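> I'd like to ask some things about the structure below.
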Amino acid sequence: QVQPVESGGGLVQAGGSLRLSCVAPGSIFMINTMGWYRQAPGKQRELVASITVGGMTNYADSVKGRFTISRDNAKNTLFLQMNSLKPEDTAVYYCNAQGFRARDYWGQGTQVTVSS
């Protein structure tokens with residue numbers, strides 16, 4: 001199964017930082033928008049941030065000013081720098097890559113836990 005691979009999750013205290021990475025397989029044709037989503041227990045999956053191949057970004061209001069999304073198109077790699085983390089940021093974070101005809105490819109997720 002063609003699937004992006006996330007890394008960088010873990011346990012951190014409130015106010016701390018983490019950096020997530022995601023590598024999308026080269027076999028995904030024409031990757032356009034890439035993004036990070038998260039799902040907390042008992043809640044729906046939500047968009048955290050996205051970035052187009054041209055570099056346009058979009059953030060959820062809850063993370064604006066704290067998280068920064070970036071990508072390396074040459075390496076099909078996506079990043080999420082998370083600063084000033086809060087306990088409510090605790091969730092499984094998923095990488096998404098949109099390929100040809102907006103087909104979605106999802107990673108398996110990485111756990112981020114923020115302790116108070």
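Letters A, B, ... mark the chains of the structure tokens in the order given; residue numbers begin at 1 per chain; ligand numbers begin at 1, in order shown.
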Hey, what does DSSP flag as strand (DSSP E) within chain A? Can you give it to me as a short mmCIF file (atom, residue, chain, number, x, y, z; two decimals) with C-alpha atoms, in the first residue's frame?


data_model
loop_
_atom_site.label_atom_id
_atom_site.label_comp_id
_atom_site.auth_asym_id
_atom_site.auth_seq_id
_atom_site.Cartn_x
_atom_site.Cartn_y
_atom_site.Cartn_z
CA VAL A 5 5.33 7.81 6.66
CA GLU A 6 5.24 10.14 9.65
CA SER A 7 7.82 10.54 12.40
CA GLY A 10 6.19 11.89 21.36
CA LEU A 11 5.51 13.13 24.86
CA VAL A 12 6.24 16.74 25.76
CA GLN A 13 5.32 19.12 28.56
CA LEU A 18 7.97 19.05 18.64
CA ARG A 19 8.74 18.73 14.95
CA LEU A 20 6.85 16.24 12.84
CA SER A 21 8.11 14.94 9.52
CA CYS A 22 6.40 13.05 6.74
CA VAL A 23 7.91 11.43 3.67
CA MET A 34 0.01 18.15 1.58
CA GLY A 35 -1.32 18.59 5.05
CA TRP A 36 -1.41 17.57 8.68
CA TYR A 37 -4.58 16.42 10.35
CA ARG A 38 -5.18 15.29 13.90
CA GLN A 39 -7.69 13.20 15.76
CA GLU A 46 -9.57 17.84 11.82
CA LEU A 47 -7.25 19.82 9.60
CA VAL A 48 -4.28 21.31 11.40
CA ALA A 49 -2.44 22.89 8.48
CA SER A 50 -1.95 22.43 4.76
CA ILE A 51 0.45 23.67 2.12
CA THR A 57 -0.44 27.69 3.62
CA ASN A 58 -3.63 27.31 5.61
CA TYR A 59 -3.91 26.85 9.38
CA PHE A 67 2.58 25.84 14.39
CA THR A 68 4.45 26.21 11.12
CA ILE A 69 4.02 23.93 8.12
CA SER A 70 6.68 23.60 5.46
CA ARG A 71 7.72 21.19 2.74
CA ASP A 72 10.62 20.12 0.56
CA THR A 77 8.82 15.73 2.58
CA LEU A 78 6.43 17.62 4.81
CA PHE A 79 7.16 19.18 8.20
CA LEU A 80 5.18 20.59 11.08
CA GLN A 81 6.99 22.67 13.68
CA MET A 82 4.85 22.82 16.79
CA ALA A 91 -3.91 13.71 19.36
CA VAL A 92 -2.77 11.33 16.68
CA TYR A 93 -1.34 13.42 13.86
CA TYR A 94 -1.78 12.21 10.30
CA CYS A 95 0.04 13.24 7.16
CA ASN A 96 -2.03 13.63 3.99
CA ALA A 97 -0.80 13.92 0.42
CA GLN A 98 -3.07 14.67 -2.51
CA ASP A 104 -5.80 11.16 -0.95
CA TYR A 105 -2.94 9.22 0.61
CA TRP A 106 -2.84 8.94 4.39
CA THR A 110 2.04 9.57 14.99
CA GLN A 111 0.99 10.18 18.58
CA VAL A 112 1.57 13.58 20.15
CA THR A 113 0.93 13.83 23.88
CA VAL A 114 1.22 17.10 25.76
CA SER A 115 1.24 16.87 29.54
#

> Just give me the gap between atom CA of A:Pro87 and atom CA of A:Ala40 in Å, one decimal is fine.

10.9 Å

> Under the rule that only C-alpha atoms are counted, which of A:Lys75, A:Lys86, A:Arg103, A:Arg45 is the nearest residue to A:Val63?

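Closest to A:Val63, using only C-alpha atoms: A:Lys86.
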
> Give the answer as one residue: which of A:Ser17, A:Asn76, A:Gln44, A:Gln1 has the shortest atom-to-atom distance to A:Phe29, using only C-alpha atoms?

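For A:Phe29, the nearest of the candidates is A:Asn76.
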
> Just the helix (DSSP H, G or I) stuff from chain A, please, per backbone DSSP, written as a ChimeraX atom specification.

/A:61-63,73-75,87-89,100-102

> Print the selection's residues with all heavy atoms to a file, as a compact mmCIF listing (two decimals), in the first residue's frame.


# COMPACT_ATOMS: atom_id res chain seq x y z
N ASP A 61 -7.50 27.78 13.17
CA ASP A 61 -7.39 28.93 14.07
C ASP A 61 -6.69 28.56 15.38
O ASP A 61 -5.96 29.36 15.96
CB ASP A 61 -8.78 29.50 14.37
CG ASP A 61 -9.38 30.24 13.18
OD1 ASP A 61 -8.62 30.60 12.27
OD2 ASP A 61 -10.60 30.44 13.18
N SER A 62 -6.91 27.34 15.82
CA SER A 62 -6.39 26.92 17.12
C SER A 62 -4.87 26.79 17.15
O SER A 62 -4.27 26.75 18.23
CB SER A 62 -7.01 25.59 17.53
OG SER A 62 -6.73 24.59 16.58
N VAL A 63 -4.22 26.76 15.99
CA VAL A 63 -2.77 26.58 15.96
C VAL A 63 -2.03 27.76 15.34
O VAL A 63 -0.81 27.78 15.32
CB VAL A 63 -2.38 25.28 15.22
CG1 VAL A 63 -3.10 24.07 15.81
CG2 VAL A 63 -2.61 25.39 13.73
N ASN A 73 9.75 20.03 -1.69
CA ASN A 73 9.13 19.35 -2.84
C ASN A 73 10.08 18.35 -3.50
O ASN A 73 9.64 17.31 -3.98
CB ASN A 73 8.68 20.39 -3.87
CG ASN A 73 7.51 21.22 -3.37
OD1 ASN A 73 6.69 20.76 -2.58
ND2 ASN A 73 7.43 22.46 -3.83
N ALA A 74 11.34 18.67 -3.52
CA ALA A 74 12.31 17.78 -4.16
C ALA A 74 12.40 16.43 -3.46
O ALA A 74 12.72 15.42 -4.08
CB ALA A 74 13.67 18.45 -4.20
N LYS A 75 12.11 16.43 -2.16
CA LYS A 75 12.22 15.20 -1.37
C LYS A 75 10.86 14.67 -0.94
O LYS A 75 10.79 13.72 -0.15
CB LYS A 75 13.09 15.45 -0.14
CG LYS A 75 14.52 15.83 -0.47
CD LYS A 75 15.34 16.05 0.80
CE LYS A 75 16.78 16.42 0.46
NZ LYS A 75 17.60 16.66 1.67
N PRO A 87 -2.02 21.04 26.25
CA PRO A 87 -2.61 19.70 26.41
C PRO A 87 -3.69 19.40 25.38
O PRO A 87 -3.83 18.24 24.96
CB PRO A 87 -3.19 19.77 27.83
CG PRO A 87 -2.31 20.74 28.55
CD PRO A 87 -1.96 21.78 27.52
N GLU A 88 -4.41 20.41 24.93
CA GLU A 88 -5.46 20.18 23.93
C GLU A 88 -4.91 19.87 22.55
O GLU A 88 -5.69 19.55 21.64
CB GLU A 88 -6.43 21.37 23.86
CG GLU A 88 -5.75 22.73 23.72
CD GLU A 88 -5.58 23.43 25.05
OE1 GLU A 88 -5.18 22.78 26.05
OE2 GLU A 88 -5.85 24.66 25.10
N ASP A 89 -3.61 19.96 22.36
CA ASP A 89 -2.98 19.54 21.11
C ASP A 89 -2.75 18.03 21.08
O ASP A 89 -2.34 17.49 20.05
CB ASP A 89 -1.64 20.25 20.91
CG ASP A 89 -1.79 21.76 20.73
OD1 ASP A 89 -2.72 22.18 20.01
OD2 ASP A 89 -0.98 22.50 21.31
N PHE A 100 -2.56 12.86 -8.06
CA PHE A 100 -3.28 13.11 -9.30
C PHE A 100 -4.78 12.93 -9.10
O PHE A 100 -5.21 11.98 -8.45
CB PHE A 100 -2.75 12.14 -10.37
CG PHE A 100 -3.35 12.33 -11.72
CD1 PHE A 100 -3.19 13.52 -12.40
CD2 PHE A 100 -4.05 11.30 -12.32
CE1 PHE A 100 -3.72 13.69 -13.67
CE2 PHE A 100 -4.58 11.44 -13.59
CZ PHE A 100 -4.42 12.64 -14.26
N ARG A 101 -5.55 13.90 -9.64
CA ARG A 101 -7.01 13.89 -9.50
C ARG A 101 -7.45 13.92 -8.04
O ARG A 101 -8.47 13.36 -7.68
CB ARG A 101 -7.62 12.69 -10.23
CG ARG A 101 -7.48 12.78 -11.75
CD ARG A 101 -8.14 11.61 -12.45
NE ARG A 101 -8.02 11.75 -13.91
CZ ARG A 101 -8.39 10.82 -14.77
NH1 ARG A 101 -8.91 9.69 -14.34
NH2 ARG A 101 -8.25 11.01 -16.06
N ALA A 102 -6.65 14.58 -7.22
CA ALA A 102 -6.98 14.81 -5.81
C ALA A 102 -7.16 13.52 -5.02
O ALA A 102 -7.87 13.48 -4.02
CB ALA A 102 -8.21 15.69 -5.67

> Looking at A:Lys64, A:Met56, A:Ser116, A:Asn32, which one is nearest to A:Thr90, with distances taken over only C-alpha atoms?

A:Ser116

> Using only C-alpha atoms for the distances, tell me which of A:Gly99, A:Gly16, A:Gly65, A:Thr52 is nearest to A:Met30.

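Ranking A:Gly99, A:Gly16, A:Gly65, A:Thr52 by distance to A:Met30, first place goes to A:Gly99.
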